[in-house]
Amino acid sequence: MLQASPSPTSSLAARRPGARLAWIGQGFLLLLAAVVLYILITNFLKDPPLFIQVVLSGLQLGFVYALVALGYTMVYGIVRLINFAHGDVFMVGAFVSFYAVTRFQLHAWPAAVFPGLPAGWVVVIGSLTVVLLSMIVCMSMAVTIERVAYKPLRDAPRIAALITAIGVSFFLEFFGALYFVFSPRFIPYQRPFEVVTWYIKDGIHLVQVGQAPPPGSITFSNIFLIIVVASVLVRVVLQFLVRRTKIGKAMRATSFDKPTSRLMGINVDGVISVTFAVGAAFAGMGGVLYAIAYPSIWTQLGILPGLKAFVAAVLGGIGSIPGAFVGALIMGQAEALTMGYISTPMRDAVAFTILIVVLLVKPTGLFGEAAGEKA
Amino acid sequence: MLLEVKDLHVFYGAIHALQGVSFSIDEGEIVTLIGANGAGKSTTLKTISGLLRPRAGDVLLNGRSITTIAAEEIVRRGIIHVPEGRKIFAPLTVQENLEMGAFTRDNPDEIRQSMERVFKSFPRLKERLNQYGGTLSGGEQQMLAIGRGMMARPKVLLLDEPSMGLAPILVEEIFRIIQEINSQGVAILLVEQNALMALSVAHRGYVLETGRIVLQGSGQELLHDPQVIKAYLGGH
Ligand SMILES: Nc1ncnc2c1ncn2[C@@H]1O[C@H](COP(=O)(O)OP(=O)(O)OP(=O)(O)O)[C@@H](O)[C@H]1O
Ligand SMILES: [Mg+2]
């Protein structure tokens, strides 16, 4: 439709009103693309270090969104459900780590158990424990949600499951907001480790505490590095899981054809549970990293990242794992560049503009043709 | 009796698709179930393999009821259903499709042996090992579907219209392989529209009409039955 380039039949097609509308849409998109490109290029030329700084912050956001988007796309691939509670699982991940660190000092356990351990190891092992705990809690929660709320509706019309997902989402947000659960307020988040920042200008240097990096330099933190490494690692592990392991192949088979998968002896319910669990584990990890990066938490912190990860999954082609990853990186850039060069309040508007444009122009997304089939 | 079906009644909502179907298969037999479109052949196979639940009646394997057992468990008991329309996993490679056929098995060496046996029957599959299932031709997909069924080491193989849509030469090939599998000790329940071929290879046959068995006999008997000739063999 919109991609239809001028062809021998185009003069004929242009006479139909639908075709003329498509033409206008195409022109509008080209114009939009030109404007975006113009803004990007002029800003890059004006101040390259600042531009790179903005791109780095976009990468940080994008890699966190990727962790959430993977779960959206995997769950959609296997049960054709947009699991709107997924963003709230992400929130629970952040809160679990908050309690683990602030209440129980879980991040310091290696120091307590092995007094002689070097401080570096204490931080690494302690922080990993916190992340792992959040992942496990999120996994169990998602599996429970699936069993209790979604499974009974598996053969019901899809809209029923979708509404249920929204209900579960509200439940987690507002149940979590009770005083005896989490809290209705914003809570300052205590990181399990200190932030270390470096700047790049004639080499890489450490930013000393209480000192500003020199003007014109590009800075990045250990949090940025951790997020990038974690997200890439998750992508690699997931690729291995889906491509090489028996359960991963069963996931792909199940997402393609459930009755035939049962004829292979595959326990379809079990495979669905595993899919929810894996997606939730990544979201839990994402929640902890998000809280570490933006250290103020409340029970609705999962809504916007969740929706943006959902847009990322749609942009990449829902059901496609590489699509979710690429889509998330694009979403991160779109948001960071908007904050950097248009205005901060526009950041969310841009995300949903992208959703609308994708749904209008290419509802199957970037990797969409074989949605749910590629991995 | 290896497999016994007793007075099955199956409904789709208000539609009474199977109205008291009974038949049996003994060790080493090829039994065919023939009937017109919509007679209930696929419904019968789906009920045996556990995808559908009968409202009444029983399915017995070696004398023990499997009627209430989950489909994935029935696979473990050795009843393997190769569904109508091949149902290849399009986004999985040929090799992965075969691996899924062996999903219930654990020993990698034995699985590799089974795969070699499949390649002996269908050399074409070996050449296309890393090709996606969805890109195979119809005939190749049918070979893969049967090969995938063999990977589970079936005691009873339920084949739903394996010759559908194939060129005559390929149909003969498929029927030859069905007999070959049978000669290795696998009992076969063969659902077919191609009544001539099916009855020629089958030891016994049943004719299904609108959810009821109306005729039964040995393959040769049915081949020469005037009613069968008239209705299913293009009658002279
Ligand atoms: N999912 C379904 N919902 C409702 N009715 C169904 C369903 N599946 C089959 N039927 C009906 O049940 C009857 C038997 O169908 P079945 O698929 O078993 O026929 P068949 O003998 O396999 O036919 P064919 O040779 O065309 O494959 C038909 O009347 C069909 O319309
Ligand atoms: Mg049929």
# chains A, B, ... in the order shown; residues from 1 in each chain; ligands from 1
call {"tool": "residues_around", "arguments": {"residues": "Thr210 of chain B", "least_positions_apart": "3", "cutoff": "8 Å", "atoms": "only C-alpha atoms", "output": "VMD selection string"}}
result
chain B and resid 17 to 18 38 to 40
call {"tool": "write_last_selection", "arguments": {"atoms": "N, CA, C and O atoms", "output": "compact mmCIF listing (two decimals), in the first residue's frame"}}
result
# COMPACT_ATOMS: atom_id res chain seq x y z
N ALA B 17 -20.64 -35.60 15.72
CA ALA B 17 -19.75 -35.99 14.63
C ALA B 17 -19.49 -37.49 14.60
O ALA B 17 -19.44 -38.09 13.53
N LEU B 18 -19.28 -38.11 15.76
CA LEU B 18 -19.12 -39.56 15.81
C LEU B 18 -20.29 -40.13 16.60
O LEU B 18 -20.55 -39.74 17.73
N GLY B 38 -16.06 -35.24 5.55
CA GLY B 38 -16.97 -34.95 6.65
C GLY B 38 -17.55 -36.17 7.31
O GLY B 38 -18.42 -36.06 8.17
N ALA B 39 -17.07 -37.37 6.96
CA ALA B 39 -17.61 -38.59 7.56
C ALA B 39 -17.23 -38.71 9.03
O ALA B 39 -17.92 -39.36 9.81
N GLY B 40 -16.09 -38.10 9.40
CA GLY B 40 -15.65 -38.18 10.80
C GLY B 40 -14.33 -38.91 10.97
O GLY B 40 -13.96 -39.28 12.08
call {"tool": "residues_near_ligand", "arguments": {"ligand": "ligand 1", "cutoff": "7 Å", "atoms": "only C-alpha atoms and all ligand atoms", "output": "ChimeraX atom specification"}}
result
/B:12-13,15,17,35-44,193
call {"tool": "interface_residues", "arguments": {"of": "chain B", "to": "chain A", "cutoff": "9 Å", "atoms": "only C-alpha atoms", "output": "JSON, numbers by chain"}}
result
{"B": [49, 50, 51, 70, 71, 72, 73, 74, 75, 76, 80, 81, 82, 83, 87, 88, 89, 90, 91, 92, 96, 97, 99, 100, 101, 102, 103, 104, 148, 149, 152]}
call {"tool": "write_last_selection", "arguments": {"atoms": "C-alpha atoms", "output": "mmCIF file, in the first residue's frame"}}
result
data_model
loop_
_atom_site.group_PDB
_atom_site.id
_atom_site.type_symbol
_atom_site.label_atom_id
_atom_site.label_comp_id
_atom_site.auth_asym_id
_atom_site.auth_seq_id
_atom_site.Cartn_x
_atom_site.Cartn_y
_atom_site.Cartn_z
ATOM 1 C CA SER B 49 -4.711 -39.198 20.155
ATOM 2 C CA GLY B 50 -6.380 -37.180 22.906
ATOM 3 C CA LEU B 51 -6.866 -33.872 21.101
ATOM 4 C CA ALA B 70 -3.671 -36.060 28.081
ATOM 5 C CA ALA B 71 -2.521 -36.022 24.458
ATOM 6 C CA GLU B 72 1.144 -35.578 25.382
ATOM 7 C CA GLU B 73 0.978 -38.625 27.647
ATOM 8 C CA ILE B 74 -0.684 -40.724 24.954
ATOM 9 C CA VAL B 75 2.359 -39.982 22.760
ATOM 10 C CA ARG B 76 4.538 -41.481 25.472
ATOM 11 C CA ILE B 80 1.561 -41.294 17.239
ATOM 12 C CA HIS B 81 -0.808 -39.197 15.163
ATOM 13 C CA VAL B 82 0.423 -37.736 11.859
ATOM 14 C CA PRO B 83 -2.278 -35.122 11.286
ATOM 15 C CA LYS B 87 1.195 -29.719 9.979
ATOM 16 C CA ILE B 88 4.928 -29.241 9.600
ATOM 17 C CA PHE B 89 6.456 -26.631 11.920
ATOM 18 C CA ALA B 90 7.199 -24.076 9.214
ATOM 19 C CA PRO B 91 9.656 -21.936 11.234
ATOM 20 C CA LEU B 92 11.673 -24.965 12.331
ATOM 21 C CA GLU B 96 14.370 -29.523 14.251
ATOM 22 C CA ASN B 97 11.046 -30.910 13.052
ATOM 23 C CA GLU B 99 13.842 -33.572 16.812
ATOM 24 C CA MET B 100 10.381 -32.469 17.887
ATOM 25 C CA GLY B 101 9.100 -35.839 16.745
ATOM 26 C CA ALA B 102 11.509 -37.357 19.260
ATOM 27 C CA PHE B 103 10.502 -34.910 21.987
ATOM 28 C CA THR B 104 9.554 -37.627 24.464
ATOM 29 C CA ARG B 148 8.603 -36.970 12.303
ATOM 30 C CA GLY B 149 6.031 -39.532 13.396
ATOM 31 C CA ALA B 152 8.722 -41.138 18.278
#
call {"tool": "residues_around", "arguments": {"residues": "Val118 of chain B", "least_positions_apart": "3", "cutoff": "10 Å", "atoms": "only C-alpha atoms", "output": "PyMOL selection string"}}
result
chain B and resi 98+112-115+121-123+125-126+143-144+146-151
call {"tool": "closest_residue", "arguments": {"among": "B:Glu84, B:Ala167, B:Gln141, B:Thr135", "to": "ligand 2", "atoms": "only C-alpha atoms and all ligand atoms"}}
result
B:Glu84
call {"tool": "residues_around", "arguments": {"residues": "Leu32 of chain A", "least_positions_apart": "5", "cutoff": "12 Å", "atoms": "only C-alpha atoms", "output": "MDAnalysis selection string"}}
result
chainID A and resid 25:27 37:39 353:354 357
call {"tool": "residues_around", "arguments": {"residues": "Leu189 of chain B", "least_positions_apart": "4", "cutoff": "8 Å", "atoms": "only C-alpha atoms", "output": "list in words"}}
result
Ile25, Ile30, Val31, Thr32, Leu33, Val156, Leu157, Leu158 and Leu159 of chain B
call {"tool": "residues_around", "arguments": {"residues": "Val236 of chain A", "least_positions_apart": "5", "cutoff": "12 Å", "atoms": "only C-alpha atoms", "output": "mmCIF file with N, CA, C and O atoms, in the first residue's frame"}}
result
data_model
loop_
_atom_site.group_PDB
_atom_site.id
_atom_site.type_symbol
_atom_site.label_atom_id
_atom_site.label_comp_id
_atom_site.auth_asym_id
_atom_site.auth_seq_id
_atom_site.Cartn_x
_atom_site.Cartn_y
_atom_site.Cartn_z
ATOM 1 N N VAL A 229 25.909 -4.408 28.971
ATOM 2 C CA VAL A 229 26.427 -5.779 29.022
ATOM 3 C C VAL A 229 25.308 -6.753 29.381
ATOM 4 O O VAL A 229 25.147 -7.803 28.741
ATOM 5 N N ALA A 230 24.497 -6.397 30.383
ATOM 6 C CA ALA A 230 23.429 -7.300 30.821
ATOM 7 C C ALA A 230 22.456 -7.568 29.685
ATOM 8 O O ALA A 230 22.059 -8.707 29.428
ATOM 9 N N SER A 231 22.084 -6.503 28.995
ATOM 10 C CA SER A 231 21.088 -6.636 27.949
ATOM 11 C C SER A 231 21.615 -7.466 26.781
ATOM 12 O O SER A 231 20.910 -8.330 26.246
ATOM 13 N N LEU A 241 19.000 -20.206 23.952
ATOM 14 C CA LEU A 241 17.859 -20.954 24.488
ATOM 15 C C LEU A 241 16.887 -21.340 23.380
ATOM 16 O O LEU A 241 16.481 -22.499 23.250
ATOM 17 N N VAL A 242 16.539 -20.368 22.559
ATOM 18 C CA VAL A 242 15.487 -20.574 21.567
ATOM 19 C C VAL A 242 15.972 -21.421 20.388
ATOM 20 O O VAL A 242 15.218 -22.178 19.808
ATOM 21 N N ARG A 243 17.256 -21.257 20.064
ATOM 22 C CA ARG A 243 17.784 -21.941 18.877
ATOM 23 C C ARG A 243 18.321 -23.322 19.181
ATOM 24 O O ARG A 243 18.232 -24.228 18.361
ATOM 25 N N ARG A 244 18.963 -23.493 20.328
ATOM 26 C CA ARG A 244 19.759 -24.699 20.534
ATOM 27 C C ARG A 244 19.167 -25.680 21.534
ATOM 28 O O ARG A 244 19.491 -26.843 21.495
ATOM 29 N N ILE A 321 11.831 -11.871 18.204
ATOM 30 C CA ILE A 321 12.791 -11.539 19.258
ATOM 31 C C ILE A 321 13.825 -10.514 18.788
ATOM 32 O O ILE A 321 14.028 -9.503 19.460
ATOM 33 N N PRO A 322 14.457 -10.705 17.631
ATOM 34 C CA PRO A 322 15.373 -9.646 17.179
ATOM 35 C C PRO A 322 14.629 -8.335 16.969
ATOM 36 O O PRO A 322 15.169 -7.252 17.230
ATOM 37 N N PHE A 325 14.281 -6.402 20.149
ATOM 38 C CA PHE A 325 15.554 -5.811 20.561
ATOM 39 C C PHE A 325 15.848 -4.549 19.760
ATOM 40 O O PHE A 325 16.128 -3.488 20.325
ATOM 41 N N ALA A 375 13.042 -16.311 15.392
ATOM 42 C CA ALA A 375 13.526 -16.148 16.762
ATOM 43 C C ALA A 375 14.941 -15.591 16.743
ATOM 44 O O ALA A 375 15.562 -15.502 15.736
#
call {"tool": "atom_distance", "arguments": {"atom1": "atom CA of Leu2 of chain B", "atom2": "atom CA of Asn194 of chain B"}}
result
25.3 Å
call {"tool": "select_by_dssp", "arguments": {"residues": "segment 2-204 of chain B", "states": "strand (DSSP E or B)", "output": "MDAnalysis selection string"}}
result
chainID B and resid 3:12 15:25 30:35 56:61 64:65 79:82 93 132 156:160 187:192 204
call {"tool": "write_last_selection", "arguments": {"atoms": "C-alpha atoms", "output": "PDB file, in the first residue's frame"}}
result
ATOM      1  CA  LEU B   3      -5.894 -50.668  20.050  1.00  0.00           C
ATOM      2  CA  GLU B   4      -9.622 -50.816  20.555  1.00  0.00           C
ATOM      3  CA  VAL B   5     -12.174 -48.102  19.971  1.00  0.00           C
ATOM      4  CA  LYS B   6     -15.537 -48.755  21.597  1.00  0.00           C
ATOM      5  CA  ASP B   7     -18.757 -46.942  20.812  1.00  0.00           C
ATOM      6  CA  LEU B   8     -17.242 -43.458  20.539  1.00  0.00           C
ATOM      7  CA  HIS B   9     -19.556 -40.458  20.598  1.00  0.00           C
ATOM      8  CA  VAL B  10     -17.930 -37.118  19.856  1.00  0.00           C
ATOM      9  CA  PHE B  11     -19.612 -33.729  19.591  1.00  0.00           C
ATOM     10  CA  TYR B  12     -18.566 -30.358  18.249  1.00  0.00           C
ATOM     11  CA  ILE B  15     -22.884 -31.411  16.008  1.00  0.00           C
ATOM     12  CA  HIS B  16     -22.846 -35.136  16.698  1.00  0.00           C
ATOM     13  CA  ALA B  17     -19.752 -35.991  14.628  1.00  0.00           C
ATOM     14  CA  LEU B  18     -19.124 -39.563  15.811  1.00  0.00           C
ATOM     15  CA  GLN B  19     -22.221 -41.583  16.581  1.00  0.00           C
ATOM     16  CA  GLY B  20     -20.988 -44.786  18.127  1.00  0.00           C
ATOM     17  CA  VAL B  21     -17.814 -45.735  16.271  1.00  0.00           C
ATOM     18  CA  SER B  22     -16.177 -49.048  17.163  1.00  0.00           C
ATOM     19  CA  PHE B  23     -13.210 -50.813  15.577  1.00  0.00           C
ATOM     20  CA  SER B  24      -9.900 -52.376  16.496  1.00  0.00           C
ATOM     21  CA  ILE B  25      -6.311 -52.807  15.345  1.00  0.00           C
ATOM     22  CA  ILE B  30      -2.560 -52.029   8.643  1.00  0.00           C
ATOM     23  CA  VAL B  31      -6.169 -51.016   9.142  1.00  0.00           C
ATOM     24  CA  THR B  32      -7.747 -48.411   6.941  1.00  0.00           C
ATOM     25  CA  LEU B  33     -10.649 -46.119   7.622  1.00  0.00           C
ATOM     26  CA  ILE B  34     -12.261 -44.794   4.467  1.00  0.00           C
ATOM     27  CA  GLY B  35     -15.157 -42.437   4.026  1.00  0.00           C
ATOM     28  CA  ALA B  56     -19.180 -41.417  25.573  1.00  0.00           C
ATOM     29  CA  GLY B  57     -17.229 -44.505  24.621  1.00  0.00           C
ATOM     30  CA  ASP B  58     -13.742 -45.703  25.269  1.00  0.00           C
ATOM     31  CA  VAL B  59     -10.315 -45.999  23.664  1.00  0.00           C
ATOM     32  CA  LEU B  60      -8.219 -48.915  24.928  1.00  0.00           C
ATOM     33  CA  LEU B  61      -4.516 -49.519  24.380  1.00  0.00           C
ATOM     34  CA  ARG B  64      -6.227 -50.236  29.266  1.00  0.00           C
ATOM     35  CA  SER B  65      -8.338 -47.148  28.839  1.00  0.00           C
ATOM     36  CA  ILE B  79       0.285 -43.784  19.791  1.00  0.00           C
ATOM     37  CA  ILE B  80       1.561 -41.294  17.239  1.00  0.00           C
ATOM     38  CA  HIS B  81      -0.808 -39.197  15.163  1.00  0.00           C
ATOM     39  CA  VAL B  82       0.423 -37.736  11.859  1.00  0.00           C
ATOM     40  CA  THR B  93      14.263 -26.640  10.134  1.00  0.00           C
ATOM     41  CA  TYR B 132      12.941 -24.504   6.997  1.00  0.00           C
ATOM     42  CA  VAL B 156       0.566 -47.461  16.555  1.00  0.00           C
ATOM     43  CA  LEU B 157       0.868 -44.877  13.808  1.00  0.00           C
ATOM     44  CA  LEU B 158      -2.273 -42.915  12.906  1.00  0.00           C
ATOM     45  CA  LEU B 159      -1.920 -41.489   9.408  1.00  0.00           C
ATOM     46  CA  ASP B 160      -4.499 -38.950   8.243  1.00  0.00           C
ATOM     47  CA  ALA B 187       0.585 -51.123  13.571  1.00  0.00           C
ATOM     48  CA  ILE B 188      -0.972 -48.545  11.286  1.00  0.00           C
ATOM     49  CA  LEU B 189      -4.365 -46.891  11.206  1.00  0.00           C
ATOM     50  CA  LEU B 190      -4.626 -45.339   7.780  1.00  0.00           C
ATOM     51  CA  VAL B 191      -7.270 -42.747   6.968  1.00  0.00           C
ATOM     52  CA  GLU B 192      -7.585 -42.214   3.236  1.00  0.00           C
ATOM     53  CA  ARG B 204      -8.578 -54.842   7.118  1.00  0.00           C
TER      54      ARG B 204
END
call {"tool": "residues_around", "arguments": {"residues": "Arg158 of chain A", "least_positions_apart": "3", "cutoff": "10 Å", "atoms": "only C-alpha atoms", "output": "PDB file with N, CA and C atoms, in the first residue's frame"}}
result
ATOM      1  N   VAL A  79       1.181 -17.106  23.193  1.00  0.00           N
ATOM      2  CA  VAL A  79      -0.260 -17.177  23.475  1.00  0.00           C
ATOM      3  C   VAL A  79      -1.053 -16.056  22.817  1.00  0.00           C
ATOM      4  N   ARG A  80      -0.402 -15.279  21.950  1.00  0.00           N
ATOM      5  CA  ARG A  80      -1.092 -14.194  21.241  1.00  0.00           C
ATOM      6  C   ARG A  80      -1.803 -13.252  22.210  1.00  0.00           C
ATOM      7  N   LEU A  81      -1.122 -12.955  23.315  1.00  0.00           N
ATOM      8  CA  LEU A  81      -1.699 -12.060  24.316  1.00  0.00           C
ATOM      9  C   LEU A  81      -0.732 -10.907  24.553  1.00  0.00           C
ATOM     10  N   ILE A  82      -1.258  -9.678  24.504  1.00  0.00           N
ATOM     11  CA  ILE A  82      -0.463  -8.530  24.930  1.00  0.00           C
ATOM     12  C   ILE A  82      -0.570  -8.503  26.449  1.00  0.00           C
ATOM     13  N   LEU A 153      -8.653 -18.532  30.439  1.00  0.00           N
ATOM     14  CA  LEU A 153      -9.237 -17.800  29.311  1.00  0.00           C
ATOM     15  C   LEU A 153      -8.577 -18.162  27.991  1.00  0.00           C
ATOM     16  N   ARG A 154      -7.783 -19.232  27.986  1.00  0.00           N
ATOM     17  CA  ARG A 154      -6.994 -19.482  26.784  1.00  0.00           C
ATOM     18  C   ARG A 154      -7.857 -19.737  25.559  1.00  0.00           C
ATOM     19  N   ASP A 155      -9.030 -20.329  25.756  1.00  0.00           N
ATOM     20  CA  ASP A 155      -9.886 -20.602  24.608  1.00  0.00           C
ATOM     21  C   ASP A 155     -11.005 -19.578  24.470  1.00  0.00           C
ATOM     22  N   ALA A 161      -9.004 -12.009  27.423  1.00  0.00           N
ATOM     23  CA  ALA A 161      -7.690 -12.131  28.043  1.00  0.00           C
ATOM     24  C   ALA A 161      -7.006 -10.765  28.112  1.00  0.00           C
ATOM     25  N   LEU A 162      -7.209  -9.969  27.073  1.00  0.00           N
ATOM     26  CA  LEU A 162      -6.585  -8.645  27.039  1.00  0.00           C
ATOM     27  C   LEU A 162      -7.107  -7.777  28.180  1.00  0.00           C
ATOM     28  N   ILE A 163      -8.418  -7.788  28.372  1.00  0.00           N
ATOM     29  CA  ILE A 163      -9.012  -7.001  29.455  1.00  0.00           C
ATOM     30  C   ILE A 163      -8.527  -7.528  30.805  1.00  0.00           C
ATOM     31  N   THR A 164      -8.410  -8.837  30.909  1.00  0.00           N
ATOM     32  CA  THR A 164      -7.893  -9.422  32.146  1.00  0.00           C
ATOM     33  C   THR A 164      -6.468  -8.949  32.421  1.00  0.00           C
TER      34      THR A 164
END
call {"tool": "decode", "arguments": {"residues": "segment 159-168 of chain B", "atoms": "all heavy atoms", "output": "PDB file, in the first residue's frame"}}
result
ATOM      1  N   LEU B 159      -2.262 -42.330  10.554  1.00  0.00           N
ATOM      2  CA  LEU B 159      -1.920 -41.489   9.408  1.00  0.00           C
ATOM      3  C   LEU B 159      -3.197 -40.912   8.806  1.00  0.00           C
ATOM      4  O   LEU B 159      -4.078 -41.663   8.383  1.00  0.00           O
ATOM      5  CB  LEU B 159      -1.188 -42.319   8.342  1.00  0.00           C
ATOM      6  CG  LEU B 159       0.171 -42.900   8.737  1.00  0.00           C
ATOM      7  CD1 LEU B 159       0.688 -43.821   7.635  1.00  0.00           C
ATOM      8  CD2 LEU B 159       1.167 -41.780   9.000  1.00  0.00           C
ATOM      9  N   ASP B 160      -3.293 -39.584   8.768  1.00  0.00           N
ATOM     10  CA  ASP B 160      -4.499 -38.950   8.243  1.00  0.00           C
ATOM     11  C   ASP B 160      -4.249 -38.430   6.829  1.00  0.00           C
ATOM     12  O   ASP B 160      -3.587 -37.409   6.642  1.00  0.00           O
ATOM     13  CB  ASP B 160      -4.946 -37.806   9.174  1.00  0.00           C
ATOM     14  CG  ASP B 160      -6.409 -37.426   8.937  1.00  0.00           C
ATOM     15  OD1 ASP B 160      -6.937 -37.767   7.863  1.00  0.00           O
ATOM     16  OD2 ASP B 160      -7.001 -36.778   9.820  1.00  0.00           O
ATOM     17  N   GLU B 161      -4.752 -39.130   5.865  1.00  0.00           N
ATOM     18  CA  GLU B 161      -4.643 -38.775   4.452  1.00  0.00           C
ATOM     19  C   GLU B 161      -3.219 -38.444   4.014  1.00  0.00           C
ATOM     20  O   GLU B 161      -2.946 -37.349   3.534  1.00  0.00           O
ATOM     21  CB  GLU B 161      -5.583 -37.595   4.129  1.00  0.00           C
ATOM     22  CG  GLU B 161      -7.008 -37.906   4.562  1.00  0.00           C
ATOM     23  CD  GLU B 161      -8.050 -37.142   3.772  1.00  0.00           C
ATOM     24  OE1 GLU B 161      -7.713 -36.656   2.687  1.00  0.00           O
ATOM     25  OE2 GLU B 161      -9.193 -37.074   4.246  1.00  0.00           O
ATOM     26  N   PRO B 162      -2.321 -39.418   4.132  1.00  0.00           N
ATOM     27  CA  PRO B 162      -0.941 -39.145   3.742  1.00  0.00           C
ATOM     28  C   PRO B 162      -0.757 -38.926   2.247  1.00  0.00           C
ATOM     29  O   PRO B 162       0.252 -38.359   1.840  1.00  0.00           O
ATOM     30  CB  PRO B 162      -0.186 -40.406   4.202  1.00  0.00           C
ATOM     31  CG  PRO B 162      -1.222 -41.463   4.291  1.00  0.00           C
ATOM     32  CD  PRO B 162      -2.493 -40.772   4.672  1.00  0.00           C
ATOM     33  N   SER B 163      -1.709 -39.342   1.423  1.00  0.00           N
ATOM     34  CA  SER B 163      -1.500 -39.198  -0.023  1.00  0.00           C
ATOM     35  C   SER B 163      -2.154 -37.937  -0.578  1.00  0.00           C
ATOM     36  O   SER B 163      -2.059 -37.662  -1.770  1.00  0.00           O
ATOM     37  CB  SER B 163      -2.068 -40.420  -0.758  1.00  0.00           C
ATOM     38  OG  SER B 163      -3.480 -40.320  -0.827  1.00  0.00           O
ATOM     39  N   MET B 164      -2.772 -37.155   0.304  1.00  0.00           N
ATOM     40  CA  MET B 164      -3.528 -35.992  -0.180  1.00  0.00           C
ATOM     41  C   MET B 164      -2.631 -35.026  -0.958  1.00  0.00           C
ATOM     42  O   MET B 164      -1.582 -34.608  -0.486  1.00  0.00           O
ATOM     43  CB  MET B 164      -4.159 -35.263   1.008  1.00  0.00           C
ATOM     44  CG  MET B 164      -5.086 -34.147   0.584  1.00  0.00           C
ATOM     45  SD  MET B 164      -6.015 -33.484   1.977  1.00  0.00           S
ATOM     46  CE  MET B 164      -4.705 -33.107   3.122  1.00  0.00           C
ATOM     47  N   GLY B 165      -3.061 -34.690  -2.143  1.00  0.00           N
ATOM     48  CA  GLY B 165      -2.385 -33.659  -2.929  1.00  0.00           C
ATOM     49  C   GLY B 165      -1.055 -34.075  -3.522  1.00  0.00           C
ATOM     50  O   GLY B 165      -0.286 -33.217  -3.936  1.00  0.00           O
ATOM     51  N   LEU B 166      -0.761 -35.365  -3.552  1.00  0.00           N
ATOM     52  CA  LEU B 166       0.530 -35.789  -4.089  1.00  0.00           C
ATOM     53  C   LEU B 166       0.377 -36.341  -5.504  1.00  0.00           C
ATOM     54  O   LEU B 166      -0.657 -36.910  -5.857  1.00  0.00           O
ATOM     55  CB  LEU B 166       1.151 -36.861  -3.200  1.00  0.00           C
ATOM     56  CG  LEU B 166       1.409 -36.472  -1.751  1.00  0.00           C
ATOM     57  CD1 LEU B 166       2.183 -37.576  -1.044  1.00  0.00           C
ATOM     58  CD2 LEU B 166       2.159 -35.161  -1.659  1.00  0.00           C
ATOM     59  N   ALA B 167       1.444 -36.198  -6.294  1.00  0.00           N
ATOM     60  CA  ALA B 167       1.448 -36.768  -7.642  1.00  0.00           C
ATOM     61  C   ALA B 167       1.418 -38.288  -7.534  1.00  0.00           C
ATOM     62  O   ALA B 167       1.926 -38.851  -6.567  1.00  0.00           O
ATOM     63  CB  ALA B 167       2.715 -36.322  -8.379  1.00  0.00           C
ATOM     64  N   PRO B 168       0.812 -38.979  -8.539  1.00  0.00           N
ATOM     65  CA  PRO B 168       0.630 -40.435  -8.466  1.00  0.00           C
ATOM     66  C   PRO B 168       1.903 -41.193  -8.122  1.00  0.00           C
ATOM     67  O   PRO B 168       1.867 -42.107  -7.297  1.00  0.00           O
ATOM     68  CB  PRO B 168       0.147 -40.788  -9.870  1.00  0.00           C
ATOM     69  CG  PRO B 168      -0.505 -39.549 -10.367  1.00  0.00           C
ATOM     70  CD  PRO B 168       0.211 -38.401  -9.734  1.00  0.00           C
TER      71      PRO B 168
END
